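Below is input18.csv, holding CSV, C-alpha atoms and all ligand atoms.
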```
chain,number,residue,atom,x,y,z
A,1,MET,CA,47.6,-81.2,44.1
A,2,GLU,CA,50.3,-78.8,43.0
A,3,PRO,CA,49.0,-75.6,41.2
A,4,ARG,CA,49.7,-75.7,37.4
A,5,PHE,CA,50.9,-72.1,37.3
A,6,PHE,CA,53.1,-70.3,39.7
A,7,PRO,CA,52.7,-66.5,40.0
A,8,ILE,CA,55.8,-64.4,39.5
A,9,ALA,CA,55.9,-61.0,41.2
A,10,SER,CA,55.5,-58.2,38.6
A,11,SER,CA,55.4,-54.5,38.7
A,12,TYR,CA,54.9,-53.3,35.2
A,13,ILE,CA,51.4,-51.8,35.7
A,14,LEU,CA,52.1,-50.9,39.3
A,15,ARG,CA,55.0,-48.9,38.2
A,16,LEU,CA,52.8,-47.0,35.7
A,17,ILE,CA,50.4,-46.1,38.4
A,18,TYR,CA,53.1,-45.2,40.9
A,19,GLU,CA,55.0,-43.0,38.3
A,20,GLU,CA,51.7,-41.2,37.5
A,21,GLN,CA,51.0,-40.5,41.2
A,22,LEU,CA,54.6,-39.3,41.6
A,23,ARG,CA,54.5,-37.0,38.5
A,24,GLU,CA,51.3,-35.3,39.7
A,25,PHE,CA,52.8,-34.8,43.2
A,26,ARG,CA,56.1,-33.4,41.8
A,27,ASP,CA,54.1,-31.0,39.6
A,28,ARG,CA,52.4,-29.6,42.6
A,29,LEU,CA,55.3,-29.6,45.1
A,30,GLY,CA,56.5,-26.0,44.4
A,31,GLU,CA,53.0,-24.7,44.8
A,32,MET,CA,52.4,-26.7,47.9
A,33,ARG,CA,55.3,-24.9,49.6
A,34,ASP,CA,53.8,-21.5,48.7
A,35,PRO,CA,52.3,-19.9,51.9
A,36,HIS,CA,50.2,-17.5,49.8
A,37,VAL,CA,48.3,-20.4,48.2
A,38,ILE,CA,45.2,-21.7,49.9
A,39,TYR,CA,43.4,-24.7,48.4
A,40,VAL,CA,39.6,-24.8,48.4
A,41,THR,CA,39.8,-28.0,50.5
A,42,GLU,CA,41.8,-26.2,53.1
A,43,LEU,CA,39.0,-23.7,53.6
A,44,VAL,CA,36.7,-26.5,54.7
A,45,SER,CA,39.1,-28.4,56.9
A,46,CYS,CA,41.5,-28.0,59.8
A,47,SER,CA,43.5,-24.8,59.4
A,48,GLN,CA,46.7,-26.3,61.0
A,49,LYS,CA,46.9,-28.8,58.0
A,50,ARG,CA,47.6,-25.9,55.7
A,51,LEU,CA,50.7,-24.9,57.8
A,52,PHE,CA,51.9,-28.5,57.8
A,53,ARG,CA,51.3,-28.8,54.0
A,54,ILE,CA,53.5,-25.7,53.5
A,55,ASN,CA,56.3,-27.1,55.7
A,56,PHE,CA,56.1,-30.8,55.1
A,57,PRO,CA,54.4,-31.4,51.8
A,58,GLU,CA,56.1,-34.8,51.2
A,59,LEU,CA,54.1,-36.2,54.1
A,60,THR,CA,50.9,-36.0,52.1
A,61,LEU,CA,52.2,-38.4,49.4
A,62,GLY,CA,50.4,-41.7,49.8
A,63,PHE,CA,50.1,-44.9,47.7
A,64,GLU,CA,47.1,-46.5,49.3
A,65,PRO,CA,44.7,-48.7,47.2
A,66,PRO,CA,41.5,-46.7,48.1
A,67,MET,CA,43.3,-43.5,46.9
A,68,ILE,CA,44.4,-45.2,43.6
A,69,GLN,CA,40.9,-46.6,43.1
A,70,GLY,CA,39.4,-43.1,43.6
A,71,ALA,CA,41.8,-41.5,41.1
A,72,LEU,CA,40.9,-44.1,38.5
A,73,ILE,CA,37.2,-43.7,39.1
A,74,HIS,CA,37.6,-39.9,38.7
A,75,ARG,CA,39.4,-40.4,35.4
A,76,GLY,CA,36.7,-42.6,34.0
A,77,LEU,CA,33.7,-40.5,35.1
A,78,GLU,CA,35.4,-37.3,34.0
A,79,GLU,CA,35.9,-38.8,30.6
A,80,LEU,CA,32.2,-39.5,30.4
A,81,LEU,CA,31.4,-36.0,31.5
A,82,ARG,CA,33.8,-34.5,29.0
A,83,GLU,CA,31.8,-36.2,26.3
A,84,GLN,CA,28.7,-34.5,27.6
A,85,GLY,CA,30.3,-31.0,27.3
A,86,PHE,CA,31.7,-30.6,30.8
A,87,VAL,CA,35.1,-29.0,31.4
A,88,THR,CA,36.9,-31.4,33.6
A,89,GLU,CA,39.6,-30.7,36.2
A,90,ALA,CA,38.5,-27.1,35.7
A,91,PRO,CA,40.8,-24.7,37.6
A,92,VAL,CA,39.4,-21.9,39.7
A,93,GLU,CA,41.4,-19.2,41.4
A,94,GLN,CA,40.5,-16.0,43.2
A,95,GLU,CA,42.5,-13.5,45.3
A,96,TYR,CA,41.7,-12.4,48.9
A,97,VAL,CA,43.6,-9.9,51.1
A,98,VAL,CA,44.2,-10.7,54.8
A,99,ASP,CA,46.3,-8.3,57.0
A,100,GLY,CA,47.6,-6.6,53.9
A,101,GLU,CA,48.9,-9.9,52.3
A,102,THR,CA,47.3,-11.3,49.1
A,103,TYR,CA,46.3,-15.0,49.1
A,104,LYS,CA,45.3,-17.0,46.1
A,105,VAL,CA,42.4,-19.4,46.8
A,106,LYS,CA,42.9,-22.3,44.3
A,107,GLY,CA,41.0,-25.4,43.4
A,108,ARG,CA,40.0,-27.8,40.6
A,109,MET,CA,36.4,-28.7,40.1
A,110,ASP,CA,36.0,-32.3,38.9
A,111,ALA,CA,33.6,-31.1,36.3
A,112,TYR,CA,32.0,-27.8,35.3
A,113,GLU,CA,29.4,-26.8,32.8
A,114,PRO,CA,29.7,-23.0,32.5
A,115,ASP,CA,26.7,-22.4,30.3
A,116,LYS,CA,24.3,-24.2,32.6
A,117,GLY,CA,26.2,-23.2,35.7
A,118,VAL,CA,26.7,-26.7,37.1
A,119,VAL,CA,29.6,-27.9,39.2
A,120,VAL,CA,30.1,-31.6,39.8
A,121,GLU,CA,32.3,-33.2,42.5
A,122,ILE,CA,33.0,-36.9,42.4
A,123,LYS,CA,33.6,-38.7,45.7
A,124,THR,CA,34.7,-42.2,46.3
A,125,GLY,CA,35.2,-44.3,49.4
A,126,ARG,CA,34.6,-47.5,51.2
A,127,SER,CA,31.0,-46.6,52.3
A,128,ALA,CA,28.2,-44.3,51.4
A,129,ILE,CA,27.0,-44.1,55.0
A,130,GLY,CA,26.5,-40.6,56.2
A,131,THR,CA,26.4,-39.1,52.7
A,132,PRO,CA,26.2,-36.4,51.6
A,133,ARG,CA,29.0,-35.4,54.0
A,134,GLU,CA,29.1,-32.0,55.4
A,135,HIS,CA,32.6,-31.1,54.3
A,136,HIS,CA,31.9,-32.3,50.8
A,137,ILE,CA,28.8,-30.0,50.7
A,138,ASP,CA,30.9,-27.1,52.0
A,139,GLN,CA,33.6,-27.7,49.4
A,140,LEU,CA,31.0,-27.8,46.6
A,141,GLN,CA,29.4,-24.6,47.9
A,142,VAL,CA,32.8,-22.8,47.9
A,143,TYR,CA,33.2,-23.8,44.3
A,144,MET,CA,29.7,-22.7,43.4
A,145,ASN,CA,30.3,-19.3,45.0
A,146,LEU,CA,33.7,-18.9,43.3
A,147,VAL,CA,32.2,-19.5,39.8
A,148,ASP,CA,28.7,-18.3,40.7
A,149,ALA,CA,27.1,-21.6,39.6
A,150,LYS,CA,23.4,-22.2,40.2
A,151,LEU,CA,23.6,-26.0,40.8
A,152,GLY,CA,26.0,-28.3,42.4
A,153,ILE,CA,26.1,-32.1,42.2
A,154,LEU,CA,27.8,-34.6,44.5
A,155,ILE,CA,28.2,-38.1,43.1
A,156,TYR,CA,29.3,-40.8,45.4
A,157,VAL,CA,30.7,-44.1,44.0
A,158,THR,CA,31.4,-46.7,46.6
A,159,PRO,CA,31.6,-50.6,46.4
A,160,ASP,CA,27.9,-51.0,47.1
A,161,ARG,CA,26.2,-47.8,46.1
A,162,ILE,CA,26.2,-45.0,43.6
A,163,LEU,CA,24.4,-41.9,45.0
A,164,GLU,CA,23.8,-38.5,43.5
A,165,TYR,CA,22.8,-35.4,45.4
A,166,SER,CA,22.1,-31.9,44.1
A,167,PHE,CA,22.2,-28.5,45.8
A,168,GLU,CA,21.3,-25.0,45.0
A,169,LYS,CA,23.9,-22.3,45.6
A,170,ARG,CA,23.9,-20.8,49.1
A,171,ASP,CA,25.8,-17.5,49.4
A,172,ILE,CA,28.8,-17.8,51.7
A,173,VAL,CA,31.5,-15.5,52.9
A,174,ILE,CA,34.7,-16.8,51.5
A,175,GLN,CA,36.7,-13.9,52.9
A,176,GLU,CA,35.8,-15.1,56.4
A,177,LEU,CA,36.9,-18.6,55.6
A,178,VAL,CA,40.2,-17.3,54.2
A,179,GLU,CA,40.8,-15.2,57.4
A,180,GLU,CA,40.0,-18.2,59.6
A,181,THR,CA,42.5,-20.3,57.7
A,182,VAL,CA,45.3,-17.8,57.6
A,183,HIS,CA,44.9,-17.1,61.3
A,184,ASN,CA,44.8,-20.8,62.0
A,185,LYS,CA,41.7,-20.6,64.1
A,186,THR,CA,40.2,-24.0,63.7
A,187,HIS,CA,42.1,-27.2,64.5
A,188,PRO,CA,40.6,-29.6,63.9
A,189,ARG,CA,37.4,-28.5,62.1
A,190,TRP,CA,35.8,-31.9,62.3
A,191,SER,CA,35.9,-34.4,65.1
A,192,TRP,CA,37.0,-37.3,62.9
A,193,GLU,CA,39.6,-35.3,61.0
A,194,CYS,CA,42.8,-36.1,63.0
A,195,GLN,CA,42.2,-39.8,62.6
A,196,TYR,CA,42.8,-39.5,58.8
A,197,CYS,CA,45.3,-36.7,58.8
A,198,PRO,CA,48.8,-37.3,57.3
A,199,PHE,CA,50.3,-35.0,60.0
A,200,ASN,CA,48.7,-36.5,63.0
A,201,ARG,CA,52.1,-37.9,64.3
A,202,ILE,CA,53.6,-34.4,64.5
A,203,CYS,CA,50.6,-32.4,65.6
A,204,ILE,CA,50.0,-31.0,69.1
A,205,TYR,CA,46.3,-30.3,68.4
A,206,ARG,CA,45.6,-33.8,67.5
A,207,ASN,CA,42.2,-34.9,68.8
A,208,THR,CA,42.6,-38.1,70.6
A,209,GLU,CA,39.0,-38.6,71.5
A,210,LYS,CA,37.0,-41.2,69.7
A,211,ALA,CA,36.0,-39.9,66.3
A,212,GLN,CA,32.4,-39.6,65.1
A,213,ALA,CA,31.5,-40.9,61.7
A,214,PRO,CA,31.9,-38.2,58.9
A,215,GLY,CA,28.5,-36.5,58.4
A,216,LYS,CA,27.9,-35.8,62.1
A,217,GLN,CA,30.1,-32.8,62.5
A,218,ALA,CA,29.2,-29.6,64.3
A,219,GLN,CA,30.6,-26.8,62.3
A,220,SER,CA,29.8,-25.5,58.8
A,221,LEU,CA,30.3,-22.6,56.6
A,222,PRO,CA,29.4,-19.0,57.6
A,223,ASP,CA,26.3,-17.7,55.7
A,224,LYS,CA,26.6,-14.4,53.9
A,225,ARG,CA,25.2,-11.6,56.0
A,301,LIG,S1,46.2,-33.9,63.5
A,301,LIG,FE1,44.2,-32.9,63.6
A,301,LIG,S2,44.5,-30.9,64.5
A,301,LIG,FE2,46.5,-31.7,63.7
A,301,LIG,S3,46.7,-31.0,61.6
A,301,LIG,FE3,45.8,-33.0,61.5
A,301,LIG,S4,43.6,-32.6,61.5
A,301,LIG,FE4,44.6,-30.7,62.2
```
The structure in this file should be written as structure tokens.
Amino acid sequence: MEPRFFPIASSYILRLIYEEQLREFRDRLGEMRDPHVIYVTELVSCSQKRLFRINFPELTLGFEPPMIQGALIHRGLEELLREQGFVTEAPVEQEYVVDGETYKVKGRMDAYEPDKGVVVEIKTGRSAIGTPREHHIDQLQVYMNLVDAKLGILIYVTPDRILEYSFEKRDIVIQELVEETVHNKTHPRWSWECQYCPFNRICIYRNTEKAQAPGKQAQSLPDKR
């Protein structure tokens, strides 16, 4: 039997989502080219990625459904946390000096409650296997150290699970991470990283070995001495 209704291709909503992604990207493009900016996520990942980000920022622009889904979940959950008194998309910035040059470490906490000293990071993905992931804990700990928060929460929202983990602050040496990043010492940081890297087609350090699942990595943050 013939279907009663024939779908017609449309792009009204798609266009809205696409334009929003593009606007956010364009807003950040100038900053992405700045060699004196280091993002918090770059302190806990491959240091070569930062150099590629400075030179080829456009390669990081994607329009993949999991990414869009993640952005929309962030929006929804952040709205809920705002109603509970959290500051959402809270900017954090601190300067560090390496070899006489000043670098700005910059990031945005998904949610922050300054009175209680709580940082929240929202993570989305296809699976909750291997959570809490080490690089997510590291990122959370960097934020907690930057704002001197007592408690950090990681919340994972995946198609089949919603999991929440909490962590007390562990003192870490951010200066060491900044030096390691500026001197491009660790490429990649995690064995699985190259597989998901937007620069893997132009990178001589690309790890071609079979990647381990996230959560089984070897390296982590340096403890404060
Ligand atoms: S391909 Fe691997 S080594 Fe190269 S920049 Fe990406 S994560 Fe780093």
TODO: Neighbourhood query: residues within 8 Å of (38.1, -17.4, 41.6), file coordinates, counting all atoms listed in the file; return as a VMD selection string.
DONE: chain A and resid 92 to 95 105 to 106 146 to 147
Open item on the list: (30.4, -22.6, 51.5) in this file's frame - what residues fall within 9 Å of it? Use all atoms listed in the file and give the answer as JSON, numbers by chain.
Closed with: {"A": [43, 44, 137, 138, 139, 140, 141, 142, 143, 144, 145, 169, 170, 171, 172, 173, 174, 177, 220, 221, 222, 223]}
Open item on the list: To check your reading of the model: which residues sit at most 10 Å from ligand LIG 301 (chain A) when counting all atoms listed in the file? Write the answer as number ranges by chain.
Closed with: A: 45-53, 184, 186-208
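If only C-alpha atoms are the atoms counted, then among A:Glu134, A:Lys123, A:Asp115, A:Leu29 the closest residue to Arg75 of chain A is A:Lys123.
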Task: From A:Glu64, A:Thr181, A:Lys104, A:Asp99, residue lying nearest Asp34 of chain A [only C-alpha atoms] - done: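 Among the listed residues, the smallest separation from Asp34 of chain A belongs to A:Lys104.
One finds atom CA of Thr158 of chain A at 5.3 Å from atom CA of Gly125 of chain A.
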TODO: Go through A:Ile38, A:Leu80, A:Leu72, A:Ala111 one by one, measure the shortest atom-to-atom distance of each to Gln175 of chain A using only C-alpha atoms, and give the residue with the smallest value.
DONE: A:Ile38
Task: Option closest in space to Thr131 of chain A, from A:Gly152, A:Val118, A:Tyr112, A:Arg161 [counting all atoms listed in the file] - done: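 Result for the nearest residue to Thr131 of chain A: A:Arg161.
Rounded to one decimal, atom CA of Pro114 of chain A and atom CA of Val87 of chain A lie 8.1 Å from each other.
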Open item on the list: With distances taken over only C-alpha atoms, which residue among A:Tyr103, A:Phe56, A:Tyr12, A:Tyr18 lies nearest Val178 of chain A?
Closed with: A:Tyr103
Which residues, written as a PDB file with C-alpha atoms, in the coordinates of the input, have at least one atom at most 9 Å from Glu113 of chain A, with all atoms listed in the file counted and residues fewer than 6 positions away on the same chain left out?
```
ATOM      1  CA  GLY A  85      30.300 -31.000  27.300  1.00  0.00           C
ATOM      2  CA  PHE A  86      31.700 -30.600  30.800  1.00  0.00           C
ATOM      3  CA  VAL A  87      35.100 -29.000  31.400  1.00  0.00           C
ATOM      4  CA  THR A  88      36.900 -31.400  33.600  1.00  0.00           C
ATOM      5  CA  VAL A 119      29.600 -27.900  39.200  1.00  0.00           C
ATOM      6  CA  VAL A 120      30.100 -31.600  39.800  1.00  0.00           C
ATOM      7  CA  ALA A 149      27.100 -21.600  39.600  1.00  0.00           C
TER       8      ALA A 149
END
```
Please, which residues in segment 61-131 of chain A fall within 12 Å of segment 22-28 of chain A when counting only C-alpha atoms, and what is the closest atom pair and distance in Å to one decimal for each, ordered by chain then residue number, as a Markdown table?
```
| residue | atom | partner | partner_atom | distance |
| --- | --- | --- | --- | --- |
| A:Leu61 | CA | A:Phe25 | CA | 7.2 |
| A:Gly62 | CA | A:Leu22 | CA | 9.5 |
| A:Phe63 | CA | A:Leu22 | CA | 9.4 |
| A:Ile68 | CA | A:Leu22 | CA | 12.0 |
| A:Ala71 | CA | A:Glu24 | CA | 11.4 |
```
May I ask you to restore N, CA and C atoms in segment 130-160 of chain A and write the result as a short mmCIF file (atom, residue, chain, number, x, y, z; two decimals), keeping the file's coordinate frame?
```cif
data_model
loop_
_atom_site.label_atom_id
_atom_site.label_comp_id
_atom_site.auth_asym_id
_atom_site.auth_seq_id
_atom_site.Cartn_x
_atom_site.Cartn_y
_atom_site.Cartn_z
N GLY A 130 26.30 -41.93 55.79
CA GLY A 130 26.50 -40.60 56.20
C GLY A 130 26.63 -39.55 55.08
N THR A 131 26.39 -40.00 53.86
CA THR A 131 26.40 -39.10 52.70
C THR A 131 25.07 -38.38 52.59
N PRO A 132 25.04 -37.17 52.08
CA PRO A 132 26.20 -36.40 51.60
C PRO A 132 26.92 -35.82 52.84
N ARG A 133 28.24 -35.89 52.81
CA ARG A 133 29.00 -35.40 54.00
C ARG A 133 29.18 -33.94 53.97
N GLU A 134 29.12 -33.42 55.20
CA GLU A 134 29.10 -32.00 55.40
C GLU A 134 30.26 -31.23 54.73
N HIS A 135 31.46 -31.79 54.91
CA HIS A 135 32.60 -31.10 54.30
C HIS A 135 32.62 -31.15 52.82
N HIS A 136 32.01 -32.20 52.25
CA HIS A 136 31.90 -32.30 50.80
C HIS A 136 30.90 -31.20 50.29
N ILE A 137 29.81 -31.03 51.04
CA ILE A 137 28.80 -30.00 50.70
C ILE A 137 29.47 -28.62 50.76
N ASP A 138 30.24 -28.41 51.83
CA ASP A 138 30.90 -27.10 52.00
C ASP A 138 31.89 -26.85 50.86
N GLN A 139 32.65 -27.86 50.50
CA GLN A 139 33.60 -27.70 49.40
C GLN A 139 32.87 -27.35 48.09
N LEU A 140 31.79 -28.09 47.85
CA LEU A 140 31.00 -27.80 46.60
C LEU A 140 30.44 -26.41 46.65
N GLN A 141 29.95 -25.96 47.82
CA GLN A 141 29.40 -24.60 47.90
C GLN A 141 30.45 -23.53 47.70
N VAL A 142 31.67 -23.79 48.17
CA VAL A 142 32.80 -22.80 47.90
C VAL A 142 33.00 -22.71 46.41
N TYR A 143 33.08 -23.85 45.73
CA TYR A 143 33.20 -23.80 44.30
C TYR A 143 32.10 -23.06 43.61
N MET A 144 30.87 -23.37 44.03
CA MET A 144 29.70 -22.70 43.40
C MET A 144 29.74 -21.22 43.60
N ASN A 145 30.20 -20.78 44.78
CA ASN A 145 30.30 -19.30 45.00
C ASN A 145 31.43 -18.72 44.21
N LEU A 146 32.54 -19.45 44.07
CA LEU A 146 33.70 -18.90 43.30
C LEU A 146 33.35 -18.69 41.84
N VAL A 147 32.54 -19.60 41.27
CA VAL A 147 32.20 -19.50 39.80
C VAL A 147 30.80 -19.01 39.60
N ASP A 148 30.08 -18.73 40.70
CA ASP A 148 28.70 -18.30 40.70
C ASP A 148 27.82 -19.31 39.88
N ALA A 149 27.94 -20.58 40.26
CA ALA A 149 27.10 -21.60 39.60
C ALA A 149 25.79 -21.74 40.37
N LYS A 150 24.76 -22.11 39.62
CA LYS A 150 23.40 -22.20 40.20
C LYS A 150 23.24 -23.58 40.93
N LEU A 151 23.84 -24.60 40.33
CA LEU A 151 23.60 -26.00 40.80
C LEU A 151 24.89 -26.70 41.07
N GLY A 152 24.88 -27.50 42.13
CA GLY A 152 26.00 -28.30 42.40
C GLY A 152 25.60 -29.78 42.60
N ILE A 153 26.42 -30.68 42.08
CA ILE A 153 26.10 -32.10 42.20
C ILE A 153 27.24 -32.84 42.87
N LEU A 154 26.86 -33.66 43.84
CA LEU A 154 27.80 -34.60 44.50
C LEU A 154 27.47 -35.96 44.06
N ILE A 155 28.44 -36.66 43.49
CA ILE A 155 28.20 -38.10 43.10
C ILE A 155 29.13 -38.96 43.89
N TYR A 156 28.56 -39.90 44.64
CA TYR A 156 29.30 -40.80 45.40
C TYR A 156 29.38 -42.19 44.74
N VAL A 157 30.59 -42.72 44.56
CA VAL A 157 30.70 -44.10 44.00
C VAL A 157 31.46 -44.90 45.04
N THR A 158 30.77 -45.87 45.60
CA THR A 158 31.40 -46.70 46.60
C THR A 158 31.16 -48.20 46.17
N PRO A 159 31.78 -49.17 46.86
CA PRO A 159 31.60 -50.60 46.40
C PRO A 159 30.19 -51.04 46.31
N ASP A 160 29.30 -50.51 47.15
CA ASP A 160 27.90 -51.00 47.10
C ASP A 160 26.86 -50.02 46.68
#
```
